[in-house]
$ cat input-v8.pdb   # PDB, C-alpha atoms
ATOM      1  CA  MET A   1      36.891  42.510 -48.481  1.00  0.00           C
ATOM      2  CA  SER A   2      35.851  45.807 -50.029  1.00  0.00           C
ATOM      3  CA  PRO A   3      38.405  48.567 -50.757  1.00  0.00           C
ATOM      4  CA  ARG A   4      36.916  50.589 -47.906  1.00  0.00           C
ATOM      5  CA  GLU A   5      37.428  47.729 -45.413  1.00  0.00           C
ATOM      6  CA  SER A   6      41.030  47.097 -46.490  1.00  0.00           C
ATOM      7  CA  THR A   7      41.907  50.791 -46.097  1.00  0.00           C
ATOM      8  CA  SER A   8      40.517  50.744 -42.556  1.00  0.00           C
ATOM      9  CA  ALA A   9      42.527  47.613 -41.708  1.00  0.00           C
ATOM     10  CA  GLU A  10      45.722  49.096 -43.158  1.00  0.00           C
ATOM     11  CA  ARG A  11      45.366  52.171 -40.940  1.00  0.00           C
ATOM     12  CA  GLN A  12      45.229  49.940 -37.858  1.00  0.00           C
ATOM     13  CA  ILE A  13      48.523  48.177 -38.658  1.00  0.00           C
ATOM     14  CA  GLN A  14      51.533  49.849 -37.074  1.00  0.00           C
ATOM     15  CA  VAL A  15      55.021  48.623 -37.892  1.00  0.00           C
ATOM     16  CA  ARG A  16      57.547  48.838 -35.051  1.00  0.00           C
ATOM     17  CA  GLN A  17      61.315  48.374 -35.154  1.00  0.00           C
ATOM     18  CA  VAL A  18      63.077  46.299 -32.504  1.00  0.00           C
ATOM     19  CA  THR A  19      65.777  48.683 -31.254  1.00  0.00           C
ATOM     20  CA  HIS A  20      67.060  46.663 -28.280  1.00  0.00           C
ATOM     21  CA  VAL A  21      66.890  43.064 -27.080  1.00  0.00           C
ATOM     22  CA  GLN A  22      67.613  41.956 -23.525  1.00  0.00           C
ATOM     23  CA  ALA A  23      67.910  38.188 -23.141  1.00  0.00           C
ATOM     24  CA  SER A  24      68.113  36.521 -19.737  1.00  0.00           C
ATOM     25  CA  TRP A  25      67.826  33.149 -18.053  1.00  0.00           C
ATOM     26  CA  THR A  26      66.707  32.587 -14.470  1.00  0.00           C
ATOM     27  CA  GLU A  27      66.451  29.512 -12.272  1.00  0.00           C
ATOM     28  CA  GLN A  28      62.967  28.581 -11.229  1.00  0.00           C
ATOM     29  CA  GLU A  29      64.433  26.994  -8.089  1.00  0.00           C
ATOM     30  CA  ARG A  30      67.992  26.493  -6.872  1.00  0.00           C
ATOM     31  CA  GLY A  31      69.665  23.823  -9.001  1.00  0.00           C
ATOM     32  CA  GLY A  32      66.482  23.284 -10.982  1.00  0.00           C
ATOM     33  CA  PRO A  33      65.484  24.084 -14.525  1.00  0.00           C
ATOM     34  CA  GLY A  34      65.210  27.683 -15.593  1.00  0.00           C
ATOM     35  CA  ALA A  35      63.334  29.898 -17.990  1.00  0.00           C
ATOM     36  CA  PHE A  36      64.397  32.244 -20.762  1.00  0.00           C
ATOM     37  CA  THR A  37      63.031  35.767 -21.037  1.00  0.00           C
ATOM     38  CA  LEU A  38      63.442  38.067 -24.036  1.00  0.00           C
ATOM     39  CA  GLN A  39      62.560  41.727 -23.621  1.00  0.00           C
ATOM     40  CA  LEU A  40      62.046  43.478 -26.955  1.00  0.00           C
ATOM     41  CA  VAL A  41      62.275  47.277 -26.851  1.00  0.00           C
ATOM     42  CA  LEU A  42      60.524  48.832 -29.836  1.00  0.00           C
ATOM     43  CA  ASP A  43      61.202  52.224 -31.414  1.00  0.00           C
ATOM     44  CA  HIS A  44      63.676  53.301 -28.700  1.00  0.00           C
ATOM     45  CA  GLY A  45      61.208  52.709 -25.872  1.00  0.00           C
ATOM     46  CA  ALA A  46      57.885  53.612 -27.486  1.00  0.00           C
ATOM     47  CA  ASP A  47      56.669  50.116 -26.620  1.00  0.00           C
ATOM     48  CA  GLU A  48      58.049  46.826 -25.326  1.00  0.00           C
ATOM     49  CA  TYR A  49      57.180  43.153 -25.221  1.00  0.00           C
ATOM     50  CA  VAL A  50      58.385  40.404 -22.916  1.00  0.00           C
ATOM     51  CA  LEU A  51      58.502  36.887 -24.326  1.00  0.00           C
ATOM     52  CA  ARG A  52      58.969  33.611 -22.393  1.00  0.00           C
ATOM     53  CA  PRO A  53      60.050  31.205 -25.157  1.00  0.00           C
ATOM     54  CA  SER A  54      61.199  27.614 -24.796  1.00  0.00           C
ATOM     55  CA  ALA A  55      64.982  27.054 -24.979  1.00  0.00           C
ATOM     56  CA  GLU A  56      64.687  25.951 -28.608  1.00  0.00           C
ATOM     57  CA  ASP A  57      62.550  28.950 -29.581  1.00  0.00           C
ATOM     58  CA  ALA A  58      64.850  31.356 -27.688  1.00  0.00           C
ATOM     59  CA  ASP A  59      67.821  30.090 -29.717  1.00  0.00           C
ATOM     60  CA  VAL A  60      65.984  30.677 -32.999  1.00  0.00           C
ATOM     61  CA  LEU A  61      64.692  34.121 -31.947  1.00  0.00           C
ATOM     62  CA  VAL A  62      68.140  35.345 -30.844  1.00  0.00           C
ATOM     63  CA  LYS A  63      69.658  34.193 -34.154  1.00  0.00           C
ATOM     64  CA  LEU A  64      66.910  35.882 -36.180  1.00  0.00           C
ATOM     65  CA  LEU A  65      67.219  39.129 -34.238  1.00  0.00           C
ATOM     66  CA  ALA A  66      71.025  39.102 -34.602  1.00  0.00           C
ATOM     67  CA  ARG A  67      70.706  38.780 -38.391  1.00  0.00           C
ATOM     68  CA  SER A  68      68.320  41.725 -38.632  1.00  0.00           C
ATOM     69  CA  THR A  69      70.683  44.263 -37.042  1.00  0.00           C
TER      70      THR A  69
END

$ encode --input "input-v8.pdb" --output "structure tokens"
Amino acid sequence: MSPRESTSAERQIQVRQVTHVQASWTEQERGGPGAFTLQLVLDHGADEYVLRPSAEDADVLVKLLARST
């Protein structure tokens, strides 16, 4: 990669800070298995992402996010 190409790529990268996390669990059907949802609010609402991780991944993500605050 030439210096010119790397400079262009670096300009496209935007770092965001997770400023709020909303974790929830909902049943898919009454008495049945459910699903986790994590809503990540970035830069006080400038952007947001919704993740649907497995139970194992949700546990790891919540622990990682708790350590970073």

$ resolve_selection --input "input-v8.pdb" --expression "the PyMOL selection byres ((chain A and resi 39-48) around 8)" --output "list in words"
Arg16, Gln17, Val18, Thr19, His20, Val21, Gln22, Ala23, Thr37, Leu38, Tyr49, Val50 and Leu51 of chain A

$ atom_distance --input "input-v8.pdb" --atom1 "atom CA of Glu29 of chain A" --atom2 "atom CA of Val60 of chain A"
25.2 Å

$ closest_residue --input "input-v8.pdb" --among "A:Glu27, A:Arg67, A:Gln14, A:Gly34" --to "Ser54 of chain A" --atoms "all atoms listed in the file"
A:Gly34

$ atom_distance --input "input-v8.pdb" --atom1 "atom CA of Leu61 of chain A" --atom2 "atom CA of Phe36 of chain A"
11.3 Å

$ atom_distance --input "input-v8.pdb" --atom1 "atom CA of Lys63 of chain A" --atom2 "atom CA of Arg30 of chain A"
28.4 Å

$ closest_residue --input "input-v8.pdb" --among "A:Ser68, A:Pro33, A:Trp25, A:Ser8" --to "Pro53 of chain A" --atoms "only C-alpha atoms"
A:Trp25

$ axis_aligned_box --input "input-v8.pdb" --around "segment 16-30 of chain A" --padding-each-side "8 Å" --output "JSON"
{"center_x": 62.8, "center_y": 37.7, "center_z": -21.0, "size_x": 26.6, "size_y": 38.3, "size_z": 44.3}

$ closest_residue --input "input-v8.pdb" --among "A:Thr7, A:Gln12, A:Asp59, A:Ala66" --to "Ser24 of chain A" --atoms "all atoms listed in the file"
A:Asp59

$ decode --input "input-v8.pdb" --residues "segment 53-69 of chain A" --atoms "N, CA and C atoms" --output "mmCIF file, in the first residue's frame"
data_model
loop_
_atom_site.group_PDB
_atom_site.id
_atom_site.type_symbol
_atom_site.label_atom_id
_atom_site.label_comp_id
_atom_site.auth_asym_id
_atom_site.auth_seq_id
_atom_site.Cartn_x
_atom_site.Cartn_y
_atom_site.Cartn_z
ATOM 1 N N PRO A 53 -26.608 -10.951 19.944
ATOM 2 C CA PRO A 53 -25.611 -11.992 20.210
ATOM 3 C C PRO A 53 -26.234 -13.243 20.831
ATOM 4 N N SER A 54 -25.484 -14.335 20.779
ATOM 5 C CA SER A 54 -25.877 -15.539 21.510
ATOM 6 C C SER A 54 -25.748 -15.240 23.004
ATOM 7 N N ALA A 55 -26.298 -16.106 23.857
ATOM 8 C CA ALA A 55 -26.215 -15.896 25.307
ATOM 9 C C ALA A 55 -24.761 -15.833 25.761
ATOM 10 N N GLU A 56 -23.933 -16.703 25.234
ATOM 11 C CA GLU A 56 -22.512 -16.718 25.603
ATOM 12 C C GLU A 56 -21.821 -15.424 25.172
ATOM 13 N N ASP A 57 -22.060 -14.994 23.947
ATOM 14 C CA ASP A 57 -21.453 -13.758 23.451
ATOM 15 C C ASP A 57 -21.977 -12.535 24.200
ATOM 16 N N ALA A 58 -23.262 -12.526 24.557
ATOM 17 C CA ALA A 58 -23.834 -11.402 25.306
ATOM 18 C C ALA A 58 -23.139 -11.258 26.646
ATOM 19 N N ASP A 59 -22.871 -12.379 27.317
ATOM 20 C CA ASP A 59 -22.181 -12.353 28.608
ATOM 21 C C ASP A 59 -20.798 -11.720 28.466
ATOM 22 N N VAL A 60 -20.056 -12.136 27.461
ATOM 23 C CA VAL A 60 -18.714 -11.596 27.229
ATOM 24 C C VAL A 60 -18.783 -10.110 26.883
ATOM 25 N N LEU A 61 -19.690 -9.720 25.998
ATOM 26 C CA LEU A 61 -19.810 -8.315 25.595
ATOM 27 C C LEU A 61 -20.159 -7.408 26.770
ATOM 28 N N VAL A 62 -21.103 -7.834 27.613
ATOM 29 C CA VAL A 62 -21.496 -7.016 28.768
ATOM 30 C C VAL A 62 -20.316 -6.852 29.720
ATOM 31 N N LYS A 63 -19.552 -7.913 29.939
ATOM 32 C CA LYS A 63 -18.372 -7.822 30.812
ATOM 33 C C LYS A 63 -17.315 -6.890 30.223
ATOM 34 N N LEU A 64 -17.069 -7.001 28.930
ATOM 35 C CA LEU A 64 -16.090 -6.113 28.287
ATOM 36 C C LEU A 64 -16.525 -4.651 28.359
ATOM 37 N N LEU A 65 -17.785 -4.398 28.083
ATOM 38 C CA LEU A 65 -18.286 -3.021 28.117
ATOM 39 C C LEU A 65 -18.265 -2.460 29.536
ATOM 40 N N ALA A 66 -18.527 -3.288 30.540
ATOM 41 C CA ALA A 66 -18.487 -2.831 31.931
ATOM 42 C C ALA A 66 -17.067 -2.452 32.344
ATOM 43 N N ARG A 67 -16.080 -3.157 31.843
ATOM 44 C CA ARG A 67 -14.679 -2.863 32.179
ATOM 45 C C ARG A 67 -14.188 -1.581 31.527
ATOM 46 N N SER A 68 -14.792 -1.193 30.427
ATOM 47 C CA SER A 68 -14.302 -0.030 29.679
ATOM 48 C C SER A 68 -14.900 1.286 30.166
ATOM 49 N N THR A 69 -15.800 1.240 31.146
ATOM 50 C CA THR A 69 -16.403 2.486 31.633
ATOM 51 C C THR A 69 -15.737 2.961 32.892
#
